Amino acid sequence: MLDFPLWKRGWFWGLTLALTALALPSIFSLSGARWPAALPDPEVNLGLDLAGGSHILLEADPAEVASQRLRNMEESVRSTLRRAEPSVGFGDVSTADGRLSFMVESVADVDRARSLLEPLLNGEGLVREWNLSVVDETRIVLTPTEAGLEAAVNAAMDSSQDVIDRRINALGTREPTIIRQGENRIVVQVPGLQDPQQVKELVGRTAKLEFKLVNENALQTDLAQGIAEPGQQIFPYAADSGFAGQNVAVYRLGGIDGGSLIRAQASRNQDNQDVVVIQFDQQGGNRFAKLTSENVGKQFAIILDGEVISAPVIQDRILSGVSEISGNFTPESAQQLAISLQSGALPVDLTVVEERTVGPDLGAESIRLGLLAMLVGSIAVVTLMIASYGRFGVYATIALVFNVLMILGIMALMNTTLTLPGIAGFVLTIGAAVDANVLINERIREERKRGRRVIAAVENGYREASRAIFDANITNFIAGVLLFMFGTGPIRGFAVVLVIGLFTSVFTAVSLTRMWVAGWLRRARPQDLNI
């Protein structure tokens with residue numbers, strides 16, 4: 001227990017000093033001093049309540065949600081009637097006035113068509129989302145209900161909120177505020193970003209990815225005037241695609257959307273161009289394989305957020321479900337697109353209706369008083385430890401200082417944002433570290449009272465107290481993991497700081513102090529302990 005060979009001492013000191021060094025830029029920043037520009041500067045960001053940040057208000061258009069539902073219902077109806085055995089013939093499809101209507105070719109098939117479409121009319125919780133009626137004997141009309149549209153808007157906003165949270169807060173360390181406001185608005189506040197434009201670039205991209213076959217016979221003169229054949233759509237080329245100002249006509253149905261993506265990663269291709277490599281799940285991969293197998297030699301468009309970024313020709317079948325997106329990307333834009341695609345597409349376009357920089361929720365006086373309370377409490381703890389345990393109290397105090405610095409270093413390395421809940425987790429782990437040293441020192445006292453020699457008392461004290469320390473910290477670790485898994489926002493931030501502090505407090509309070517005590521015992525060989 002008290003044997004520390006050179007390699008172990010070197011490892012302990014190396015790890016401690018490395019993490020301490022990572023904390024220095026944050027200490028310089030908090031104290032107002034300038035950190036040398038030539039050196040790396042990982043810093044702990046301060047949250048909205050401590051330092052302010054950026055605020056944007058996003059709004060969705062319910063009419064767009066209704067339009068998307070209408071398109072999805074049309075594709076579902078076409079697929080259902082065509083897959084029926086025997087299939088149901090239909091035509092004259094119309095989506096005018098927000099309703100879907102079509103003519104059934106045979107009067108005898110009307111009832112069968114109604115029964116086939118009935119499962120499509122109800123949503124979750126038996127909410128009637130569509131009403132079906134028959135007009136003029138053979139025309140079936142599907143009309144969306146108010147309850148269905150309300151449920152769709154609510155689901156789209158919940159999904160958008162979740163996607164934005166994944167984009168901003170993948171590790172739960174930024175602690176943004178992302179909340180619904182009203183029926184179709186989302187408030188986003190991100191600490192540490194003083195320019196709202198950065199937030200808009202991070203969350204504003206819809207990242208709606210589609211693959212659609214191109215009508216290569218369409219005339220540019222017609223496309224420039226917005227004229228397309230029935231069943232087709234017109235999309236413009238992106239500004240950086242090399243075809244800016246031109247349009248392309250694609251077939252509206254039969255393509256693939258990005259909902260089946262499971263991976264998106266920035267990379268470089270054989271021509272050393274920046275690209276984004278994407279991978280579909282099994283169902284999407286099968287559809288992509290079918291699309292490429294049936295259309296070799298034809299052109300298909302890669303459409304991102306309503307703009308064609310590339311329209312390559314299908315050279316061969318792609319059966320692996322893995323493809324790449326190219327389009328004059330820079331390394332930064334490719335990485336940003338990969339993040340947007342990986343976090344999921346926003347189900348609806350969100351418009352920024354308000355943006356501003358916000359100040360800290362806690363005023364400068366509150367922050368000053370909080371730091372003063374922390375300083376007074378720390379001095380009281382240090383005084384009590386040294387007065388109670390002498391040299392062992394000094395070791396505990398030094399370990400406590402290293403513990404604080406190591407927590408800051410790890411948080412800076414993870415680009416963590418520190419807010420009031422995070423400070424609570426910070427203080428809690430510091431208290432746990434002191435508590436561990438109290439357990440160790442009291443156990444050594446008991447061993448000495450039982451008549452054990454100095455070295456035996458120290459060794460038994462550390463060994464026996466370590467069991468209780470590890471048990472307590474395992475329990476706290478489980479609680480922290482559960483808080484991170486099921487919590488959101490500030491709760492996850494508290495959990496991150498708590499878990500980091502558990503590891504550093506055990507390392508400093510047990511391993512480091514034991515190494516220092518073992519070194520002192522080897523040098524001084526005391527006959528008694530002043531503890």
# chains A, B, ... in the order shown; residues from 1 in each chain; ligands from 1
call {"tool": "residues_around", "arguments": {"residues": "region 11-15 of chain A", "least_positions_apart": "3", "cutoff": "12 Å", "atoms": "only C-alpha atoms", "output": "list in words"}}
result
Phe4, Pro5, Leu6, Trp7, Lys8, Ala18, Leu19, Thr20, Ala21, Leu22, Ala399, Phe402, Asn403, Leu405, Met406, Gly409, Ile410, Thr504, Phe507, Thr508, Val510, Ser511, Leu512, Thr513, Arg514, Met515 and Trp516 of chain A
call {"tool": "residues_around", "arguments": {"residues": "Asn131 (chain A)", "least_positions_apart": "5", "cutoff": "12 Å", "atoms": "only C-alpha atoms", "output": "PyMOL selection string"}}
result
chain A and resi 99-101+114+117-123+140-148
call {"tool": "closest_residue", "arguments": {"among": "A:Asn154, A:Gln197, A:Ser29, A:Gln232", "to": "Val352 (chain A)", "atoms": "only C-alpha atoms"}}
result
A:Gln197
call {"tool": "residues_around", "arguments": {"residues": "Glu332 (chain A)", "least_positions_apart": "6", "cutoff": "10 Å", "atoms": "only C-alpha atoms", "output": "number ranges by chain"}}
result
A: 266, 274, 338
call {"tool": "write_last_selection", "arguments": {"atoms": "N, CA, C and O atoms", "output": "mmCIF file, in the first residue's frame"}}
result
data_model
loop_
_atom_site.group_PDB
_atom_site.id
_atom_site.type_symbol
_atom_site.label_atom_id
_atom_site.label_comp_id
_atom_site.auth_asym_id
_atom_site.auth_seq_id
_atom_site.Cartn_x
_atom_site.Cartn_y
_atom_site.Cartn_z
ATOM 1 N N ALA A 266 -17.432 14.186 -42.146
ATOM 2 C CA ALA A 266 -16.619 14.955 -43.090
ATOM 3 C C ALA A 266 -15.378 14.141 -43.454
ATOM 4 O O ALA A 266 -14.769 13.499 -42.601
ATOM 5 N N ASP A 274 -13.042 18.065 -50.281
ATOM 6 C CA ASP A 274 -13.800 17.884 -49.045
ATOM 7 C C ASP A 274 -15.207 17.402 -49.371
ATOM 8 O O ASP A 274 -15.919 18.011 -50.189
ATOM 9 N N ALA A 338 -21.914 17.838 -41.810
ATOM 10 C CA ALA A 338 -21.916 16.506 -41.196
ATOM 11 C C ALA A 338 -22.581 16.538 -39.827
ATOM 12 O O ALA A 338 -23.378 15.650 -39.483
#
call {"tool": "atom_distance", "arguments": {"atom1": "CA of Glu354 (chain A)", "atom2": "CA of Val187 (chain A)"}}
result
9.4 Å
call {"tool": "residues_around", "arguments": {"residues": "region 443-451 of chain A", "least_positions_apart": "5", "cutoff": "10 Å", "atoms": "only C-alpha atoms", "output": "mmCIF file with all heavy atoms, in the first residue's frame"}}
result
data_model
loop_
_atom_site.group_PDB
_atom_site.id
_atom_site.type_symbol
_atom_site.label_atom_id
_atom_site.label_comp_id
_atom_site.auth_asym_id
_atom_site.auth_seq_id
_atom_site.Cartn_x
_atom_site.Cartn_y
_atom_site.Cartn_z
ATOM 1 N N TYR A 389 -5.541 17.895 12.070
ATOM 2 C CA TYR A 389 -4.724 16.762 11.649
ATOM 3 C C TYR A 389 -3.259 17.128 11.372
ATOM 4 O O TYR A 389 -2.495 16.266 10.933
ATOM 5 C CB TYR A 389 -5.324 16.117 10.395
ATOM 6 C CG TYR A 389 -6.744 15.664 10.598
ATOM 7 C CD1 TYR A 389 -7.787 16.268 9.904
ATOM 8 C CD2 TYR A 389 -7.049 14.656 11.513
ATOM 9 C CE1 TYR A 389 -9.095 15.858 10.092
ATOM 10 C CE2 TYR A 389 -8.354 14.250 11.703
ATOM 11 C CZ TYR A 389 -9.380 14.853 11.000
ATOM 12 O OH TYR A 389 -10.676 14.461 11.202
ATOM 13 N N ASN A 437 -10.584 12.574 3.135
ATOM 14 C CA ASN A 437 -9.402 12.747 3.980
ATOM 15 C C ASN A 437 -9.751 12.652 5.460
ATOM 16 O O ASN A 437 -8.962 12.144 6.269
ATOM 17 C CB ASN A 437 -8.735 14.087 3.683
ATOM 18 C CG ASN A 437 -7.974 14.072 2.372
ATOM 19 O OD1 ASN A 437 -8.276 14.805 1.442
ATOM 20 N ND2 ASN A 437 -6.962 13.201 2.288
ATOM 21 N N VAL A 438 -10.925 13.130 5.843
ATOM 22 C CA VAL A 438 -11.364 13.003 7.236
ATOM 23 C C VAL A 438 -11.489 11.534 7.614
ATOM 24 O O VAL A 438 -11.038 11.094 8.682
ATOM 25 C CB VAL A 438 -12.694 13.745 7.453
ATOM 26 C CG1 VAL A 438 -13.280 13.416 8.831
ATOM 27 C CG2 VAL A 438 -12.499 15.250 7.313
ATOM 28 N N ALA A 456 2.235 0.677 10.122
ATOM 29 C CA ALA A 456 1.077 -0.230 10.077
ATOM 30 C C ALA A 456 -0.219 0.550 10.235
ATOM 31 O O ALA A 456 -1.229 0.249 9.581
ATOM 32 C CB ALA A 456 1.200 -1.284 11.161
ATOM 33 N N ALA A 457 -0.203 1.573 11.127
ATOM 34 C CA ALA A 457 -1.412 2.367 11.337
ATOM 35 C C ALA A 457 -1.792 3.140 10.066
ATOM 36 O O ALA A 457 -2.967 3.201 9.680
ATOM 37 C CB ALA A 457 -1.201 3.344 12.501
ATOM 38 N N VAL A 458 -0.791 3.731 9.420
ATOM 39 C CA VAL A 458 -1.067 4.483 8.190
ATOM 40 C C VAL A 458 -1.560 3.548 7.092
ATOM 41 O O VAL A 458 -2.533 3.839 6.385
ATOM 42 C CB VAL A 458 0.196 5.242 7.745
ATOM 43 C CG1 VAL A 458 -0.019 5.865 6.363
ATOM 44 C CG2 VAL A 458 0.550 6.320 8.755
ATOM 45 N N GLU A 459 -0.875 2.413 6.942
ATOM 46 C CA GLU A 459 -1.259 1.483 5.883
ATOM 47 C C GLU A 459 -2.671 0.955 6.088
ATOM 48 O O GLU A 459 -3.487 0.935 5.161
ATOM 49 C CB GLU A 459 -0.254 0.330 5.831
ATOM 50 C CG GLU A 459 -0.472 -0.601 4.645
ATOM 51 C CD GLU A 459 0.676 -1.562 4.464
ATOM 52 O OE1 GLU A 459 1.642 -1.507 5.241
ATOM 53 O OE2 GLU A 459 0.596 -2.367 3.524
ATOM 54 N N ASN A 460 -2.995 0.518 7.323
ATOM 55 C CA ASN A 460 -4.337 0.024 7.606
ATOM 56 C C ASN A 460 -5.379 1.134 7.491
ATOM 57 O O ASN A 460 -6.519 0.905 7.049
ATOM 58 C CB ASN A 460 -4.394 -0.591 9.005
ATOM 59 C CG ASN A 460 -3.695 -1.938 9.064
ATOM 60 O OD1 ASN A 460 -3.428 -2.547 8.032
ATOM 61 N ND2 ASN A 460 -3.382 -2.408 10.268
ATOM 62 N N GLY A 461 -4.996 2.353 7.907
ATOM 63 C CA GLY A 461 -5.935 3.469 7.829
ATOM 64 C C GLY A 461 -6.349 3.751 6.399
ATOM 65 O O GLY A 461 -7.542 3.926 6.108
ATOM 66 N N TYR A 462 -5.385 3.804 5.487
ATOM 67 C CA TYR A 462 -5.715 4.052 4.087
ATOM 68 C C TYR A 462 -6.507 2.897 3.485
ATOM 69 O O TYR A 462 -7.471 3.108 2.737
ATOM 70 C CB TYR A 462 -4.434 4.285 3.278
ATOM 71 C CG TYR A 462 -4.019 5.737 3.215
ATOM 72 C CD1 TYR A 462 -3.067 6.248 4.091
ATOM 73 C CD2 TYR A 462 -4.592 6.595 2.281
ATOM 74 C CE1 TYR A 462 -2.688 7.591 4.031
ATOM 75 C CE2 TYR A 462 -4.220 7.928 2.221
ATOM 76 C CZ TYR A 462 -3.272 8.420 3.102
ATOM 77 O OH TYR A 462 -2.925 9.745 3.041
ATOM 78 N N ARG A 463 -6.097 1.657 3.814
ATOM 79 C CA ARG A 463 -6.781 0.506 3.221
ATOM 80 C C ARG A 463 -8.230 0.412 3.691
ATOM 81 O O ARG A 463 -9.142 0.235 2.875
ATOM 82 C CB ARG A 463 -6.025 -0.782 3.577
ATOM 83 C CG ARG A 463 -6.682 -2.022 2.935
ATOM 84 C CD ARG A 463 -5.876 -3.287 3.143
ATOM 85 N NE ARG A 463 -5.661 -3.556 4.557
ATOM 86 C CZ ARG A 463 -4.481 -3.509 5.155
ATOM 87 N NH1 ARG A 463 -3.405 -3.167 4.444
ATOM 88 N NH2 ARG A 463 -4.343 -3.785 6.445
ATOM 89 N N GLU A 464 -8.456 0.542 4.992
ATOM 90 C CA GLU A 464 -9.813 0.383 5.513
ATOM 91 C C GLU A 464 -10.710 1.555 5.111
ATOM 92 O O GLU A 464 -11.882 1.361 4.781
ATOM 93 C CB GLU A 464 -9.772 0.252 7.037
ATOM 94 C CG GLU A 464 -9.017 -0.958 7.548
ATOM 95 C CD GLU A 464 -9.626 -2.256 7.045
ATOM 96 O OE1 GLU A 464 -10.867 -2.306 6.881
ATOM 97 O OE2 GLU A 464 -8.880 -3.224 6.823
ATOM 98 N N ALA A 465 -10.171 2.777 5.152
ATOM 99 C CA ALA A 465 -10.994 3.934 4.787
ATOM 100 C C ALA A 465 -11.304 3.946 3.291
ATOM 101 O O ALA A 465 -12.377 4.422 2.879
ATOM 102 C CB ALA A 465 -10.279 5.221 5.183
ATOM 103 N N ASP A 528 6.147 8.539 16.131
ATOM 104 C CA ASP A 528 4.758 8.812 16.492
ATOM 105 C C ASP A 528 4.163 9.758 15.453
ATOM 106 O O ASP A 528 4.886 10.372 14.660
ATOM 107 C CB ASP A 528 4.671 9.434 17.891
ATOM 108 C CG ASP A 528 3.253 9.329 18.461
ATOM 109 O OD1 ASP A 528 2.397 8.695 17.795
ATOM 110 O OD2 ASP A 528 3.008 9.886 19.548
ATOM 111 N N LEU A 529 2.831 9.856 15.469
ATOM 112 C CA LEU A 529 2.126 10.720 14.527
ATOM 113 C C LEU A 529 1.378 11.805 15.278
ATOM 114 O O LEU A 529 0.651 11.516 16.242
ATOM 115 C CB LEU A 529 1.114 9.912 13.695
ATOM 116 C CG LEU A 529 1.699 8.854 12.754
ATOM 117 C CD1 LEU A 529 0.568 8.093 12.079
ATOM 118 C CD2 LEU A 529 2.607 9.487 11.714
ATOM 119 N N ASN A 530 1.538 13.037 14.863
ATOM 120 C CA ASN A 530 0.788 14.148 15.434
ATOM 121 C C ASN A 530 -0.470 14.331 14.596
ATOM 122 O O ASN A 530 -0.559 15.181 13.720
ATOM 123 C CB ASN A 530 1.640 15.418 15.438
ATOM 124 C CG ASN A 530 0.904 16.594 16.067
ATOM 125 O OD1 ASN A 530 -0.064 16.398 16.825
ATOM 126 N ND2 ASN A 530 1.349 17.800 15.768
ATOM 127 N N ILE A 531 -1.468 13.544 14.885
ATOM 128 C CA ILE A 531 -2.687 13.543 14.074
ATOM 129 C C ILE A 531 -3.906 13.462 14.987
ATOM 130 O O ILE A 531 -3.908 12.771 15.985
ATOM 131 C CB ILE A 531 -2.675 12.371 13.071
ATOM 132 C CG1 ILE A 531 -3.890 12.451 12.127
ATOM 133 C CG2 ILE A 531 -2.610 11.020 13.746
ATOM 134 C CD1 ILE A 531 -3.828 11.463 10.985
#
call {"tool": "atom_distance", "arguments": {"atom1": "CA of Phe235 (chain A)", "atom2": "CA of Ala151 (chain A)"}}
result
29.5 Å
call {"tool": "closest_residue", "arguments": {"among": "A:Pro191, A:Gln527, A:Asp165, A:Gln181", "to": "Arg453 (chain A)", "atoms": "only C-alpha atoms"}}
result
A:Gln527
call {"tool": "closest_residue", "arguments": {"among": "A:Gly480, A:Pro421, A:Pro25, A:Gly91", "to": "Gly47 (chain A)", "atoms": "only C-alpha atoms"}}
result
A:Pro421
call {"tool": "closest_residue", "arguments": {"among": "A:Asp92, A:Val250, A:Leu304, A:Val296", "to": "Ala238 (chain A)", "atoms": "only C-alpha atoms"}}
result
A:Leu304
call {"tool": "select_by_dssp", "arguments": {"residues": "region 228-275 of chain A", "states": "strand (DSSP E)", "output": "list in words"}}
result
Gln232, Gln233, Ile234, Phe235, Pro236, Asn247, Val248, Ala249, Val250, Tyr251, Ile256, Asp257, Leu261, Ile262, Arg263, Ala264, Gln265, Ala266, Ser267, Arg268, Asp274 and Val275 of chain A
call {"tool": "residues_around", "arguments": {"residues": "Val188 (chain A)", "least_positions_apart": "5", "cutoff": "6 Å", "atoms": "only C-alpha atoms", "output": "VMD selection string"}}
result
chain A and resid 55 to 56 177 to 178
call {"tool": "write_last_selection", "arguments": {"atoms": "all heavy atoms", "output": "CSV table (one decimal), in the first residue's frame"}}
result
chain,number,residue,atom,x,y,z
A,55,HIS,N,-29.2,35.0,-27.7
A,55,HIS,CA,-30.7,34.6,-27.6
A,55,HIS,C,-31.3,34.7,-28.9
A,55,HIS,O,-31.1,35.8,-29.6
A,55,HIS,CB,-31.4,35.6,-26.6
A,55,HIS,CG,-32.9,35.5,-26.7
A,55,HIS,ND1,-33.6,34.8,-25.7
A,55,HIS,CD2,-33.8,36.0,-27.6
A,55,HIS,CE1,-34.9,35.0,-26.0
A,55,HIS,NE2,-35.0,35.7,-27.1
A,56,ILE,N,-31.9,33.7,-29.4
A,56,ILE,CA,-32.7,33.8,-30.7
A,56,ILE,C,-34.1,33.1,-30.4
A,56,ILE,O,-34.2,32.2,-29.6
A,56,ILE,CB,-32.0,33.1,-31.8
A,56,ILE,CG1,-31.8,31.6,-31.6
A,56,ILE,CG2,-30.7,33.8,-32.2
A,56,ILE,CD1,-31.2,30.9,-32.8
A,177,THR,N,-30.3,27.0,-23.0
A,177,THR,CA,-31.7,27.0,-22.6
A,177,THR,C,-32.5,26.8,-23.9
A,177,THR,O,-32.4,27.7,-24.8
A,177,THR,CB,-32.1,28.3,-21.9
A,177,THR,OG1,-31.3,28.4,-20.7
A,177,THR,CG2,-33.6,28.3,-21.6
A,178,ILE,N,-33.2,25.8,-24.1
A,178,ILE,CA,-34.0,25.5,-25.3
A,178,ILE,C,-35.4,25.1,-24.8
A,178,ILE,O,-35.6,24.0,-24.3
A,178,ILE,CB,-33.4,24.3,-26.1
A,178,ILE,CG1,-31.9,24.7,-26.4
A,178,ILE,CG2,-34.2,24.1,-27.4
A,178,ILE,CD1,-31.2,23.5,-27.1
call {"tool": "select_by_dssp", "arguments": {"residues": "region 265-344 of chain A", "states": "helix (DSSP H, G or I)", "output": "count of residues only"}}
result
25
call {"tool": "closest_residue", "arguments": {"among": "A:Asp111, A:Glu75, A:Glu59, A:Asp305", "to": "Leu209 (chain A)", "atoms": "only C-alpha atoms"}}
result
A:Asp305
call {"tool": "atom_distance", "arguments": {"atom1": "CA of Ile186 (chain A)", "atom2": "CA of Arg69 (chain A)"}}
result
21.1 Å
call {"tool": "closest_residue", "arguments": {"among": "A:Ala334, A:Ile386, A:Ile27, A:Val358", "to": "Asn441 (chain A)", "atoms": "only C-alpha atoms"}}
result
A:Ile386
